[in-house]
$ cat work-v6.cif   # mmCIF, C-alpha atoms
data_start
#
loop_
_atom_site.label_atom_id
_atom_site.label_comp_id
_atom_site.auth_asym_id
_atom_site.auth_seq_id
_atom_site.Cartn_x
_atom_site.Cartn_y
_atom_site.Cartn_z
CA MET A 1 8.96 -22.84 33.67
CA LEU A 2 11.60 -20.97 35.69
CA LYS A 3 8.95 -19.12 37.69
CA ARG A 4 7.11 -22.36 38.52
CA HIS A 5 10.38 -23.96 39.64
CA ARG A 6 11.21 -20.91 41.77
CA MET A 7 7.80 -20.99 43.47
CA THR A 8 8.16 -24.72 44.22
CA THR A 9 11.65 -24.17 45.59
CA ALA A 10 10.46 -21.17 47.57
CA ILE A 11 7.70 -22.90 49.51
CA THR A 12 9.92 -25.89 50.19
CA GLY A 13 12.71 -23.64 51.43
CA ILE A 14 10.45 -21.44 53.58
CA LEU A 15 8.91 -24.25 55.46
CA GLY A 16 12.10 -26.28 55.55
CA GLY A 17 10.36 -29.28 54.08
CA ALA A 18 10.62 -32.02 51.58
CA LEU A 19 7.96 -33.84 49.63
CA LEU A 20 7.45 -37.39 50.84
CA ILE A 21 5.66 -39.96 48.76
CA THR A 22 4.10 -42.73 50.79
CA GLY A 23 2.01 -45.76 49.94
CA CYS A 24 -1.21 -43.94 50.84
CA GLY A 25 -0.49 -40.63 49.12
CA ALA A 26 1.68 -37.54 49.36
CA ALA A 27 2.61 -35.65 52.48
CA VAL A 28 4.68 -32.56 53.03
CA ALA A 29 7.20 -33.12 55.82
CA LEU A 30 8.44 -29.90 57.37
CA GLN A 31 11.16 -29.25 59.89
CA PRO A 32 9.91 -28.50 63.38
CA SER A 33 9.48 -24.86 64.30
CA GLN A 34 11.72 -23.11 66.81
CA ALA A 35 8.54 -21.70 68.32
CA PRO A 36 6.19 -23.80 70.45
CA GLU A 37 3.40 -25.49 68.55
CA ARG A 38 0.04 -23.78 68.71
CA ASP A 39 -2.74 -26.18 69.60
CA ALA A 40 -6.48 -25.73 69.27
CA ALA A 41 -6.70 -24.00 72.63
CA ASN A 42 -4.14 -21.30 71.82
CA ALA A 43 -4.10 -21.09 68.06
CA GLY A 44 -2.44 -17.70 68.06
CA LEU A 45 -5.27 -15.25 68.45
CA ALA A 46 -4.49 -14.49 72.07
CA SER A 47 -0.79 -14.02 71.49
CA GLY A 48 -1.01 -12.26 68.15
CA GLY A 49 0.48 -15.27 66.37
CA GLY A 50 4.09 -14.33 66.96
CA GLY A 51 4.35 -10.70 65.94
CA GLY A 52 3.32 -8.23 68.58
CA ASP A 53 0.48 -6.91 70.65
CA ILE A 54 -3.03 -7.09 69.27
CA GLY A 55 -4.11 -3.88 67.56
CA THR A 56 -0.71 -2.21 67.14
CA SER A 57 -1.26 -1.56 63.42
CA ASN A 58 -2.65 1.72 62.14
CA CYS A 59 -4.85 -0.31 59.74
CA ALA A 60 -7.58 -2.90 60.18
CA GLU A 61 -7.89 -6.43 58.80
CA ALA A 62 -10.52 -5.14 56.34
CA ASP A 63 -7.75 -3.07 54.69
CA PHE A 64 -6.10 -6.27 53.42
CA LEU A 65 -6.94 -9.03 50.97
CA ALA A 66 -5.36 -12.47 51.38
CA SER A 67 -5.06 -14.90 48.47
CA ALA A 68 -3.26 -18.25 48.31
CA ALA A 69 -1.56 -19.73 45.25
CA PRO A 70 -1.03 -23.50 45.31
CA VAL A 71 2.54 -24.58 44.68
CA GLU A 72 2.50 -26.84 41.63
CA GLY A 73 3.77 -30.34 42.30
CA GLU A 74 3.56 -29.96 46.09
CA PRO A 75 0.10 -30.92 47.34
CA GLY A 76 -0.87 -28.94 50.40
CA SER A 77 1.66 -26.12 49.90
CA PHE A 78 0.58 -22.53 49.27
CA ILE A 79 2.15 -19.08 49.00
CA VAL A 80 -0.17 -16.44 50.43
CA THR A 81 -0.19 -12.82 49.26
CA TYR A 82 -1.42 -10.36 51.90
CA GLY A 83 -2.19 -7.18 49.96
CA ASN A 84 -2.94 -3.67 51.19
CA ARG A 85 -6.15 -2.78 49.35
CA SER A 86 -6.73 0.44 51.26
CA ASP A 87 -5.81 3.97 50.19
CA LYS A 88 -3.46 4.47 53.15
CA THR A 89 0.01 3.33 54.15
CA CYS A 90 -0.24 0.47 56.66
CA THR A 91 2.42 -0.41 59.21
CA ILE A 92 2.14 -3.97 60.51
CA ASN A 93 4.18 -6.13 62.85
CA GLY A 94 6.21 -8.91 61.30
CA GLY A 95 6.05 -12.44 62.63
CA VAL A 96 3.81 -15.37 61.90
CA PRO A 97 0.20 -14.73 60.83
CA ASN A 98 -2.69 -16.32 62.71
CA LEU A 99 -4.06 -19.20 60.62
CA LYS A 100 -7.00 -21.57 60.84
CA GLY A 101 -8.08 -24.29 58.45
CA VAL A 102 -11.78 -24.29 57.57
CA ASP A 103 -14.13 -27.17 56.81
CA MET A 104 -16.66 -27.56 53.99
CA SER A 105 -19.10 -25.22 55.78
CA ASP A 106 -16.37 -22.49 56.03
CA SER A 107 -16.21 -22.96 59.80
CA PRO A 108 -12.78 -22.91 61.50
CA ILE A 109 -11.47 -26.36 62.47
CA GLU A 110 -10.61 -25.59 66.09
CA GLU A 111 -8.98 -29.00 66.73
CA LEU A 112 -6.52 -28.69 63.82
CA PRO A 113 -3.02 -27.90 65.18
CA VAL A 114 -1.14 -24.99 63.57
CA GLU A 115 2.62 -24.69 64.01
CA ASP A 116 4.69 -21.53 63.50
CA VAL A 117 7.74 -21.76 61.23
CA ARG A 118 9.77 -18.64 62.05
CA LEU A 119 12.23 -17.45 59.46
CA PRO A 120 15.40 -16.04 61.02
CA ASP A 121 15.75 -13.04 58.67
CA ALA A 122 12.06 -12.11 58.45
CA PRO A 123 11.37 -8.38 59.01
CA GLU A 124 10.11 -7.26 62.40
CA GLU A 125 7.84 -4.65 60.79
CA PHE A 126 6.34 -3.91 57.38
CA THR A 127 5.25 -0.64 55.85
CA LEU A 128 2.89 -1.41 52.99
CA GLU A 129 1.85 1.35 50.63
CA PRO A 130 -1.54 0.98 48.88
CA GLY A 131 -1.26 -1.96 46.48
CA GLU A 132 1.84 -3.44 48.14
CA SER A 133 1.90 -6.93 49.69
CA ALA A 134 3.61 -9.15 52.23
CA TYR A 135 3.86 -12.93 51.80
CA PHE A 136 3.85 -16.12 53.86
CA GLY A 137 3.85 -19.86 53.22
CA ILE A 138 1.44 -22.59 54.30
CA GLY A 139 2.36 -26.26 54.40
CA MET A 140 0.21 -29.22 55.42
CA ILE A 141 0.99 -32.57 56.89
CA LEU A 142 -1.43 -34.62 54.82
CA ALA A 143 -3.26 -37.69 56.08
CA ASP A 144 -5.10 -40.58 54.50
CA SER A 145 -8.76 -39.67 54.07
CA SER A 146 -9.76 -42.82 55.97
CA ASP A 147 -7.78 -41.74 59.05
CA PRO A 148 -10.31 -41.03 61.82
CA ASN A 149 -7.96 -38.38 63.25
CA ALA A 150 -7.70 -36.47 59.97
CA HIS A 151 -9.49 -33.16 59.43
CA VAL A 152 -11.00 -32.41 56.02
CA LEU A 153 -9.84 -28.92 55.09
CA SER A 154 -11.36 -26.86 52.28
CA GLY A 155 -9.70 -23.49 52.85
CA PHE A 156 -8.16 -21.05 55.31
CA GLN A 157 -8.86 -18.03 57.47
CA ALA A 158 -6.03 -15.76 58.56
CA SER A 159 -5.17 -12.52 60.28
CA LEU A 160 -1.97 -10.54 60.49
CA PRO A 161 0.23 -11.07 63.57
CA ASP A 162 -0.93 -7.88 65.32
CA MET A 163 -4.61 -8.33 64.50
CA SER A 164 -7.25 -10.70 65.81
CA GLU A 165 -10.07 -10.66 63.24
CA LEU A 166 -9.80 -13.72 60.98
CA GLN A 167 -10.78 -13.23 57.34
CA PRO A 168 -11.07 -15.63 54.39
CA VAL A 169 -7.98 -16.51 52.38
CA TYR A 170 -9.09 -16.76 48.75
CA ILE A 171 -7.61 -19.71 46.86
CA ASP A 172 -6.39 -19.00 43.31
CA GLY A 173 -7.72 -21.24 40.54
CA ASP A 174 -10.94 -23.06 39.78
CA ASP A 175 -10.14 -26.38 41.42
CA GLU A 176 -11.96 -27.33 44.59
CA VAL A 177 -9.67 -27.45 47.62
CA ARG A 178 -10.11 -30.52 49.80
CA PHE A 179 -7.33 -32.09 51.85
CA ALA A 180 -7.26 -34.64 54.66
CA VAL A 181 -4.85 -32.98 57.08
CA GLU A 182 -3.05 -33.84 60.32
CA ASN A 183 -1.73 -30.33 60.96
CA LEU A 184 -0.77 -27.02 59.33
CA ARG A 185 2.47 -25.07 59.35
CA VAL A 186 2.66 -21.36 58.61
CA SER A 187 5.77 -19.26 57.99
CA SER A 188 6.76 -15.76 58.99
CA LEU A 189 5.76 -12.84 56.77
CA VAL A 190 8.35 -11.75 54.21
CA SER A 191 8.60 -8.81 51.81
CA THR A 192 8.77 -10.74 48.52
CA PRO A 193 7.82 -14.27 47.45
CA ASP A 194 11.48 -14.83 46.49
CA GLU A 195 12.36 -14.79 50.18
CA LEU A 196 10.22 -17.85 50.83
#
$ encode --input "work-v6.cif" --output "structure tokens"
Amino acid sequence: MLKRHRMTTAITGILGGALLITGCGAAVALQPSQAPERDAANAGLASGGGGGDIGTSNCAEADFLASAAPVEGEPGSFIVTYGNRSDKTCTINGGVPNLKGVDMSDSPIEELPVEDVRLPDAPEEFTLEPGESAYFGIGMILADSSDPNAHVLSGFQASLPDMSELQPVYIDGDDEVRFAVENLRVSSLVSTPDEL
């Protein structure tokens, strides 16, 4: 019970949000980012998403596995574990990962806005030994499914801030993921989930 409460508190704290209950459903309201919002035209791949120059890591995106755990009681909130599955030590830039929502055909939703939520004390660099992980949070501004401007999201693709190759983010659990979404917010990488 304590762990579940900590995870719920963590994702809310990381993204600076609060759960709003409206007449048409639930929505996660998050504080605006200090960074400019990324729109569909510059969703972070060109800039590295907020960390550093593309390709500055000594490892490749294939050396990592990303998995997202839903935050219980907060629809549309996830804590993502970015694990080093290689047999080498990887140094990566800190910052905000590149993130895209994907539709039911696993294609990126290019029109879905993604906003950076930069954490002031987030590390500027990570050194991950084999088996070690970094973490980030995802929050959604949910929409009514009948909203013609909503995007139906069924998952995510991500890459680390200094990499450009998007890879799938595996969702923990057996439940199908399907959200009507107005936009996404993604936090800086941190060293432990407790920092979220």
$ closest_residue --input "work-v6.cif" --among "A:Pro130, A:Pro168, A:Gly137, A:Pro123" --to "Ala66 (chain A)" --atoms "only C-alpha atoms"
A:Pro168
$ closest_residue --input "work-v6.cif" --among "A:Leu196, A:Val80, A:Ile141, A:Ala150" --to "Ala68 (chain A)" --atoms "all atoms listed in the file"
A:Val80
$ atom_distance --input "work-v6.cif" --atom1 "CA of Pro120 (chain A)" --atom2 "CA of Thr91 (chain A)"
20.4 Å
$ residues_around --input "work-v6.cif" --residues "Ala60 (chain A)" --least-positions-apart "5" --cutoff "10 Å" --atoms "only C-alpha atoms" --output "PyMOL selection string"
chain A and resi 55+86+90+92+159-160+162-165
$ resolve_selection --input "work-v6.cif" --expression "the PyMOL selection byres ((chain A and resi 97) around 7)" --output "PyMOL selection string"
chain A and resi 49+95-96+98-99+158-161+188
$ atom_distance --input "work-v6.cif" --atom1 "CA of Ala134 (chain A)" --atom2 "CA of Ile171 (chain A)"
16.3 Å
$ atom_distance --input "work-v6.cif" --atom1 "CA of Leu65 (chain A)" --atom2 "CA of Tyr82 (chain A)"
5.8 Å
$ closest_residue --input "work-v6.cif" --among "A:Gly155, A:Pro75, A:Gly139, A:Gly131" --to "Thr89 (chain A)" --atoms "all atoms listed in the file"
A:Gly131
$ decode --input "work-v6.cif" --residues "region 111-126 of chain A" --atoms "all heavy atoms" --output "JSON list (two decimals), in the first residue's frame"
[["chain", "number", "residue", "atom", "x", "y", "z"],
["A", 111, "GLU", "N", 0.72, 14.60, -35.02],
["A", 111, "GLU", "CA", 0.02, 15.83, -34.67],
["A", 111, "GLU", "C", -0.16, 15.99, -33.17],
["A", 111, "GLU", "O", -0.64, 17.03, -32.72],
["A", 111, "GLU", "CB", -1.39, 15.85, -35.31],
["A", 111, "GLU", "CG", -1.42, 15.61, -36.81],
["A", 111, "GLU", "CD", -1.33, 14.13, -37.17],
["A", 111, "GLU", "OE1", -1.70, 13.26, -36.35],
["A", 111, "GLU", "OE2", -0.85, 13.83, -38.28],
["A", 112, "LEU", "N", 0.18, 14.98, -32.37],
["A", 112, "LEU", "CA", -0.04, 15.04, -30.93],
["A", 112, "LEU", "C", 1.07, 15.85, -30.26],
["A", 112, "LEU", "O", 2.23, 15.46, -30.28],
["A", 112, "LEU", "CB", -0.08, 13.62, -30.35],
["A", 112, "LEU", "CG", -0.31, 13.48, -28.85],
["A", 112, "LEU", "CD1", -1.66, 14.09, -28.45],
["A", 112, "LEU", "CD2", -0.27, 12.02, -28.44],
["A", 113, "PRO", "N", 0.73, 17.00, -29.65],
["A", 113, "PRO", "CA", 1.76, 17.82, -29.00],
["A", 113, "PRO", "C", 2.38, 17.11, -27.80],
["A", 113, "PRO", "O", 1.69, 16.39, -27.07],
["A", 113, "PRO", "CB", 1.00, 19.07, -28.55],
["A", 113, "PRO", "CG", -0.30, 19.05, -29.28],
["A", 113, "PRO", "CD", -0.59, 17.61, -29.58],
["A", 114, "VAL", "N", 3.68, 17.30, -27.61],
["A", 114, "VAL", "CA", 4.41, 16.76, -26.47],
["A", 114, "VAL", "C", 5.15, 17.92, -25.81],
["A", 114, "VAL", "O", 5.91, 18.62, -26.47],
["A", 114, "VAL", "CB", 5.41, 15.66, -26.89],
["A", 114, "VAL", "CG1", 6.16, 15.13, -25.68],
["A", 114, "VAL", "CG2", 4.70, 14.53, -27.63],
["A", 115, "GLU", "N", 4.93, 18.09, -24.51],
["A", 115, "GLU", "CA", 5.54, 19.19, -23.77],
["A", 115, "GLU", "C", 6.56, 18.66, -22.77],
["A", 115, "GLU", "O", 6.30, 17.70, -22.06],
["A", 115, "GLU", "CB", 4.46, 19.97, -23.04],
["A", 115, "GLU", "CG", 4.98, 21.18, -22.30],
["A", 115, "GLU", "CD", 3.87, 21.95, -21.60],
["A", 115, "GLU", "OE1", 2.69, 21.64, -21.79],
["A", 115, "GLU", "OE2", 4.23, 22.87, -20.84],
["A", 116, "ASP", "N", 7.73, 19.29, -22.72],
["A", 116, "ASP", "CA", 8.76, 18.96, -21.75],
["A", 116, "ASP", "C", 8.41, 19.52, -20.38],
["A", 116, "ASP", "O", 7.99, 20.66, -20.27],
["A", 116, "ASP", "CB", 10.10, 19.57, -22.16],
["A", 116, "ASP", "CG", 10.66, 18.99, -23.43],
["A", 116, "ASP", "OD1", 10.17, 17.97, -23.93],
["A", 116, "ASP", "OD2", 11.62, 19.59, -23.94],
["A", 117, "VAL", "N", 8.61, 18.70, -19.35],
["A", 117, "VAL", "CA", 8.51, 19.16, -17.97],
["A", 117, "VAL", "C", 9.88, 18.94, -17.35],
["A", 117, "VAL", "O", 10.25, 17.82, -17.00],
["A", 117, "VAL", "CB", 7.41, 18.40, -17.18],
["A", 117, "VAL", "CG1", 7.36, 18.87, -15.74],
["A", 117, "VAL", "CG2", 6.06, 18.57, -17.86],
["A", 118, "ARG", "N", 10.67, 20.00, -17.27],
["A", 118, "ARG", "CA", 12.05, 19.90, -16.81],
["A", 118, "ARG", "C", 12.11, 20.00, -15.29],
["A", 118, "ARG", "O", 11.60, 20.95, -14.72],
["A", 118, "ARG", "CB", 12.90, 20.97, -17.46],
["A", 118, "ARG", "CG", 12.97, 20.79, -18.97],
["A", 118, "ARG", "CD", 13.70, 21.94, -19.64],
["A", 118, "ARG", "NE", 13.60, 21.81, -21.07],
["A", 118, "ARG", "CZ", 14.47, 21.15, -21.82],
["A", 118, "ARG", "NH1", 15.49, 20.56, -21.28],
["A", 118, "ARG", "NH2", 14.30, 21.07, -23.12],
["A", 119, "LEU", "N", 12.76, 19.04, -14.68],
["A", 119, "LEU", "CA", 12.93, 19.04, -13.24],
["A", 119, "LEU", "C", 14.21, 19.78, -12.89],
["A", 119, "LEU", "O", 15.26, 19.49, -13.45],
["A", 119, "LEU", "CB", 12.98, 17.60, -12.73],
["A", 119, "LEU", "CG", 11.77, 16.74, -13.10],
["A", 119, "LEU", "CD1", 11.94, 15.33, -12.58],
["A", 119, "LEU", "CD2", 10.49, 17.35, -12.56],
["A", 120, "PRO", "N", 14.14, 20.71, -11.94],
["A", 120, "PRO", "CA", 15.30, 21.57, -11.68],
["A", 120, "PRO", "C", 16.53, 20.83, -11.18],
["A", 120, "PRO", "O", 17.64, 21.25, -11.45],
["A", 120, "PRO", "CB", 14.78, 22.57, -10.64],
["A", 120, "PRO", "CG", 13.56, 21.95, -10.07],
["A", 120, "PRO", "CD", 12.99, 21.07, -11.13],
["A", 121, "ASP", "N", 16.37, 19.74, -10.45],
["A", 121, "ASP", "CA", 17.52, 19.03, -9.88],
["A", 121, "ASP", "C", 17.89, 17.77, -10.65],
["A", 121, "ASP", "O", 18.66, 16.95, -10.16],
["A", 121, "ASP", "CB", 17.25, 18.67, -8.41],
["A", 121, "ASP", "CG", 17.09, 19.92, -7.55],
["A", 121, "ASP", "OD1", 17.76, 20.93, -7.86],
["A", 121, "ASP", "OD2", 16.29, 19.90, -6.61],
["A", 122, "ALA", "N", 17.34, 17.60, -11.85],
["A", 122, "ALA", "CA", 17.63, 16.39, -12.62],
["A", 122, "ALA", "C", 19.09, 16.38, -13.05],
["A", 122, "ALA", "O", 19.66, 17.42, -13.38],
["A", 122, "ALA", "CB", 16.73, 16.32, -13.85],
["A", 123, "PRO", "N", 19.74, 15.21, -13.04],
["A", 123, "PRO", "CA", 21.16, 15.12, -13.42],
["A", 123, "PRO", "C", 21.39, 15.55, -14.87],
["A", 123, "PRO", "O", 20.53, 15.37, -15.73],
["A", 123, "PRO", "CB", 21.49, 13.64, -13.25],
["A", 123, "PRO", "CG", 20.43, 13.10, -12.34],
["A", 123, "PRO", "CD", 19.21, 13.92, -12.60],
["A", 124, "GLU", "N", 22.56, 16.11, -15.13],
["A", 124, "GLU", "CA", 22.93, 16.49, -16.49],
["A", 124, "GLU", "C", 23.49, 15.31, -17.27],
["A", 124, "GLU", "O", 23.56, 15.36, -18.50],
["A", 124, "GLU", "CB", 23.95, 17.61, -16.45],
["A", 124, "GLU", "CG", 23.40, 18.91, -15.91],
["A", 124, "GLU", "CD", 24.40, 20.04, -15.94],
["A", 124, "GLU", "OE1", 25.48, 19.88, -16.57],
["A", 124, "GLU", "OE2", 24.12, 21.08, -15.33],
["A", 125, "GLU", "N", 23.90, 14.26, -16.56],
["A", 125, "GLU", "CA", 24.49, 13.09, -17.21],
["A", 125, "GLU", "C", 24.24, 11.87, -16.34],
["A", 125, "GLU", "O", 24.15, 11.98, -15.12],
["A", 125, "GLU", "CB", 25.98, 13.31, -17.42],
["A", 125, "GLU", "CG", 26.67, 12.23, -18.21],
["A", 125, "GLU", "CD", 28.13, 12.55, -18.44],
["A", 125, "GLU", "OE1", 28.95, 12.22, -17.57],
["A", 125, "GLU", "OE2", 28.43, 13.13, -19.50],
["A", 126, "PHE", "N", 24.12, 10.72, -16.97],
["A", 126, "PHE", "CA", 23.94, 9.46, -16.27],
["A", 126, "PHE", "C", 25.01, 8.48, -16.71],
["A", 126, "PHE", "O", 25.34, 8.42, -17.90],
["A", 126, "PHE", "CB", 22.58, 8.83, -16.61],
["A", 126, "PHE", "CG", 21.40, 9.56, -16.06],
["A", 126, "PHE", "CD1", 20.87, 10.65, -16.73],
["A", 126, "PHE", "CD2", 20.82, 9.17, -14.86],
["A", 126, "PHE", "CE1", 19.79, 11.32, -16.22],
["A", 126, "PHE", "CE2", 19.75, 9.84, -14.35],
["A", 126, "PHE", "CZ", 19.23, 10.92, -15.03]]
